[in-house]
Amino acid sequence: MSESISVTPERAVATTRAHSQPPGRRRRAPHVNVHRRREARAAYVFLAPWFIGLFVITVGPILASLYLSFTDYSLLEEAKWVGLGNYQEMFFEDTRFLTSLKVTTIYVVVSVPLQLIFALALALALDRGLRGLTFYRSVYYLPSLLGGSVAIAILWRKIFGTDGLVNGVLSIFGIQGPGWVSDPDTALGTLILLHVWTFGAPMVIFLAGLRQIPSSYYEAAAVDGATKLRQFRSITLPLLTPIIFFNLVLEVIKSFQSFTQSFIVSGGSGGPVDSTLFYTLYLYLKGFKSYEMGYAAAMAWVLLLIIAGLTGVNFLASKYWVFYGDTK
């Protein structure tokens, strides 16, 4: 005699749902969820120092400087809201601000291309299989490590001083050289030369890029009768454009932030006659000499916008001259 089993509609629906769910959507065991929550808590604990540093050291000061840029703040008194007063004074009343912007622009426009050209030329020379390449690469990279230091800036001031090394060499040929760092016509040129001298970092990057170009390209071009100049123009330069673009963006950003060279060579004044008054140096003078912290914060944000704008322009223009191997 068979036993009858009664099946209620509710039980039938529950059984159908249990069998219809795919394996991936089945409810996980409770101990799995507990284990994952513990892992998530451990991850947040380890990430907590980074988050604290991000908000306390980075985001917090950035927002504070943005607020201070709209205030009259001197470190000695409470900040007073002035709205766009700092920016209005900066662009329409402060002639030294415009001078610093002009000096910095000349410095960047002249020094960055010269540095990249010199670095590329030296990288091409080293790429010819020079014996002791590792040694020469280290020696040539050394100026990039020391170029922004106080010691090198002091040395540079001594070399181009009235009784410096340069005038000493010129005196051998009967030439009386000027005080290169004390002459308004040549002071900025000495700083540009110092920046060009720190060619090591872009040179190493150029050298790495040259090593990635297949030699078969040059062999095929040589078979077709292409000269070395033609090979450079048709093979080397197009394939190096991503490296040139990378170095260009980095050097433009770094050049706008140059400070130590101008501060040491000019004695912290930007002289003679403001000929070496870099933007960052004037920002320093406003903030830490005149105690106009609100004005200095406004200058910092203007510099940020300038650098961001130029970087954006470089990226937009790169699609017209930067060649990537996978571009069709």
# chains A, B, ... in the order shown; residues from 1 in each chain; ligands from 1

$ residues_around --residues "A:Tyr282" --least-positions-apart "6" --cutoff "9 Å" --atoms "only C-alpha atoms" --output "number ranges by chain"
A: 96-97, 100, 269-270, 296

$ select_by_dssp --residues "stretch 28-241 of chain A" --states "helix (DSSP H, G or I)" --output "VMD selection string"
chain A and resid 30 to 68 85 to 92 95 to 126 133 to 146 150 to 159 165 to 172 187 to 197 200 to 211 215 to 223 228 to 241

$ write_last_selection --atoms "C-alpha atoms" --output "short mmCIF file (atom, residue, chain, number, x, y, z; two decimals), in the first residue's frame"
data_model
loop_
_atom_site.label_atom_id
_atom_site.label_comp_id
_atom_site.auth_asym_id
_atom_site.auth_seq_id
_atom_site.Cartn_x
_atom_site.Cartn_y
_atom_site.Cartn_z
CA PRO A 30 27.54 32.04 6.75
CA HIS A 31 31.18 31.30 7.57
CA VAL A 32 32.24 32.49 4.07
CA ASN A 33 30.58 35.88 4.55
CA VAL A 34 32.15 36.26 7.99
CA HIS A 35 35.59 35.47 6.58
CA ARG A 36 35.19 38.03 3.80
CA ARG A 37 34.07 40.71 6.22
CA ARG A 38 37.13 40.04 8.34
CA GLU A 39 39.37 40.36 5.29
CA ALA A 40 37.69 43.65 4.35
CA ARG A 41 38.20 45.04 7.85
CA ALA A 42 41.87 44.00 7.79
CA ALA A 43 42.32 45.70 4.43
CA TYR A 44 40.79 48.95 5.72
CA VAL A 45 43.05 48.83 8.77
CA PHE A 46 46.16 48.55 6.60
CA LEU A 47 44.90 51.26 4.23
CA ALA A 48 43.99 53.62 7.07
CA PRO A 49 47.45 55.30 7.27
CA TRP A 50 47.32 56.05 3.55
CA PHE A 51 43.81 57.51 3.78
CA ILE A 52 44.83 59.58 6.82
CA GLY A 53 47.86 60.89 4.94
CA LEU A 54 45.76 61.62 1.86
CA PHE A 55 43.23 63.77 3.70
CA VAL A 56 45.49 65.29 6.37
CA ILE A 57 48.63 65.96 4.32
CA THR A 58 47.26 66.38 0.78
CA VAL A 59 43.55 67.08 0.46
CA GLY A 60 43.29 69.15 3.64
CA PRO A 61 46.09 71.62 2.81
CA ILE A 62 44.86 71.92 -0.78
CA LEU A 63 41.38 72.92 0.33
CA ALA A 64 42.84 75.23 2.99
CA SER A 65 45.04 76.98 0.42
CA LEU A 66 42.05 77.39 -1.88
CA TYR A 67 40.13 79.11 0.92
CA LEU A 68 43.13 81.26 1.89
CA GLY A 85 40.78 90.80 -4.40
CA ASN A 86 44.05 88.86 -4.49
CA TYR A 87 43.52 87.80 -8.09
CA GLN A 88 42.52 91.30 -9.14
CA GLU A 89 45.64 92.76 -7.57
CA MET A 90 47.75 90.04 -9.11
CA PHE A 91 46.76 90.62 -12.73
CA PHE A 92 45.99 94.35 -12.76
CA THR A 95 53.84 94.58 -11.92
CA ARG A 96 56.35 92.24 -10.25
CA PHE A 97 53.90 89.37 -10.66
CA LEU A 98 53.75 89.98 -14.40
CA THR A 99 57.54 90.26 -14.48
CA SER A 100 57.93 86.93 -12.69
CA LEU A 101 55.49 85.31 -15.10
CA LYS A 102 57.42 86.72 -18.06
CA VAL A 103 60.83 85.61 -16.72
CA THR A 104 59.55 82.11 -15.97
CA THR A 105 57.94 81.79 -19.41
CA ILE A 106 61.18 82.79 -21.15
CA TYR A 107 63.08 80.35 -18.97
CA VAL A 108 60.74 77.45 -19.83
CA VAL A 109 60.40 78.23 -23.54
CA VAL A 110 64.16 78.48 -24.07
CA SER A 111 65.62 75.96 -21.63
CA VAL A 112 63.29 72.99 -22.15
CA PRO A 113 63.80 72.60 -25.95
CA LEU A 114 67.55 73.14 -25.60
CA GLN A 115 67.78 70.55 -22.87
CA LEU A 116 65.77 67.96 -24.83
CA ILE A 117 67.82 68.55 -27.99
CA PHE A 118 71.09 68.18 -26.09
CA ALA A 119 69.84 65.09 -24.24
CA LEU A 120 68.69 63.45 -27.49
CA ALA A 121 71.99 64.21 -29.25
CA LEU A 122 73.98 62.67 -26.41
CA ALA A 123 71.67 59.65 -26.28
CA LEU A 124 72.23 59.08 -30.00
CA ALA A 125 75.97 59.22 -29.43
CA LEU A 126 75.83 56.73 -26.56
CA LEU A 133 78.32 52.68 -21.63
CA THR A 134 77.18 52.02 -18.05
CA PHE A 135 79.90 54.28 -16.66
CA TYR A 136 79.20 57.14 -19.06
CA ARG A 137 75.46 56.83 -18.51
CA SER A 138 75.96 57.17 -14.76
CA VAL A 139 78.31 60.14 -15.17
CA TYR A 140 75.95 61.97 -17.50
CA TYR A 141 73.00 61.28 -15.20
CA LEU A 142 74.80 62.82 -12.22
CA PRO A 143 73.96 66.47 -13.13
CA SER A 144 70.24 65.68 -12.94
CA LEU A 145 70.70 64.53 -9.36
CA LEU A 146 72.72 67.58 -8.36
CA VAL A 150 71.99 74.31 -3.17
CA ALA A 151 75.63 73.31 -3.58
CA ILE A 152 75.47 73.28 -7.38
CA ALA A 153 73.64 76.62 -7.43
CA ILE A 154 76.39 78.15 -5.26
CA LEU A 155 79.03 76.60 -7.51
CA TRP A 156 77.26 78.01 -10.57
CA ARG A 157 77.29 81.46 -9.02
CA LYS A 158 81.03 81.17 -8.43
CA ILE A 159 81.73 79.93 -11.96
CA LEU A 165 86.08 80.33 -13.87
CA VAL A 166 84.45 81.58 -17.09
CA ASN A 167 86.06 85.01 -16.89
CA GLY A 168 89.32 83.39 -15.91
CA VAL A 169 89.34 81.38 -19.14
CA LEU A 170 88.34 84.43 -21.17
CA SER A 171 91.17 86.48 -19.64
CA ILE A 172 93.66 84.04 -21.18
CA ALA A 187 71.83 86.46 -15.48
CA LEU A 188 68.82 84.56 -16.81
CA GLY A 189 71.01 82.96 -19.47
CA THR A 190 73.21 81.40 -16.79
CA LEU A 191 70.15 79.79 -15.20
CA ILE A 192 69.01 78.52 -18.58
CA LEU A 193 72.45 77.01 -19.09
CA LEU A 194 72.23 75.38 -15.67
CA HIS A 195 68.91 73.80 -16.61
CA VAL A 196 70.30 72.52 -19.91
CA TRP A 197 73.23 71.04 -17.98
CA GLY A 200 70.75 63.34 -17.46
CA ALA A 201 67.19 62.21 -16.75
CA PRO A 202 65.75 62.86 -20.24
CA MET A 203 68.94 61.46 -21.80
CA VAL A 204 68.52 58.11 -20.00
CA ILE A 205 64.88 57.96 -21.09
CA PHE A 206 65.84 58.76 -24.70
CA LEU A 207 68.51 56.08 -24.57
CA ALA A 208 65.98 53.51 -23.37
CA GLY A 209 63.65 54.52 -26.21
CA LEU A 210 66.41 54.17 -28.81
CA ARG A 211 67.12 50.65 -27.59
CA SER A 215 67.59 47.38 -35.96
CA SER A 216 65.84 45.75 -38.92
CA TYR A 217 64.28 49.12 -39.76
CA TYR A 218 67.70 50.70 -40.22
CA GLU A 219 68.99 47.70 -42.18
CA ALA A 220 66.07 47.89 -44.60
CA ALA A 221 66.53 51.66 -44.98
CA ALA A 222 70.26 51.20 -45.64
CA VAL A 223 69.49 48.65 -48.36
CA LYS A 228 71.90 58.52 -41.81
CA LEU A 229 70.04 61.81 -41.79
CA ARG A 230 67.17 60.29 -43.73
CA GLN A 231 67.05 57.34 -41.30
CA PHE A 232 66.92 59.72 -38.38
CA ARG A 233 64.09 61.76 -39.89
CA SER A 234 62.01 58.79 -41.13
CA ILE A 235 62.68 56.13 -38.48
CA THR A 236 64.28 57.40 -35.29
CA LEU A 237 62.38 60.64 -34.82
CA PRO A 238 58.85 59.30 -35.51
CA LEU A 239 59.35 56.26 -33.27
CA LEU A 240 60.77 58.46 -30.50
CA THR A 241 57.87 60.92 -30.49
#

$ select_by_dssp --residues "stretch 17-97 of chain A" --states "strand (DSSP E)" --output "ChimeraX atom specification"
/A:71-72,80-81

$ residues_around --residues "A:Thr71" --least-positions-apart "2" --cutoff "6 Å" --atoms "only C-alpha atoms" --output "list in words"
Leu68, Ser69, Tyr73, Ala79, Lys80, Trp81, Val82 and Gly294 of chain A

$ write_last_selection --atoms "N, CA and C atoms" --output "tab-separated table (two decimals), in the first residue's frame"
chain	number	residue	atom	x	y	z
A	68	LEU	N	42.25	80.13	1.56
A	68	LEU	CA	43.13	81.26	1.89
A	68	LEU	C	43.38	82.16	0.69
A	69	SER	N	43.28	81.60	-0.53
A	69	SER	CA	43.52	82.43	-1.71
A	69	SER	C	42.47	83.52	-1.88
A	73	TYR	N	45.49	87.11	4.56
A	73	TYR	CA	45.99	86.32	5.69
A	73	TYR	C	47.49	86.54	5.80
A	79	ALA	N	42.36	85.33	9.15
A	79	ALA	CA	42.12	85.55	7.72
A	79	ALA	C	40.85	86.37	7.52
A	80	LYS	N	40.92	87.35	6.64
A	80	LYS	CA	39.78	88.20	6.30
A	80	LYS	C	39.38	87.95	4.85
A	81	TRP	N	38.13	87.66	4.65
A	81	TRP	CA	37.62	87.35	3.31
A	81	TRP	C	37.67	88.58	2.42
A	82	VAL	N	38.34	88.44	1.25
A	82	VAL	CA	38.43	89.55	0.29
A	82	VAL	C	37.92	89.15	-1.08
A	294	GLY	N	47.75	84.81	2.02
A	294	GLY	CA	46.58	84.72	1.15
A	294	GLY	C	46.94	84.99	-0.30
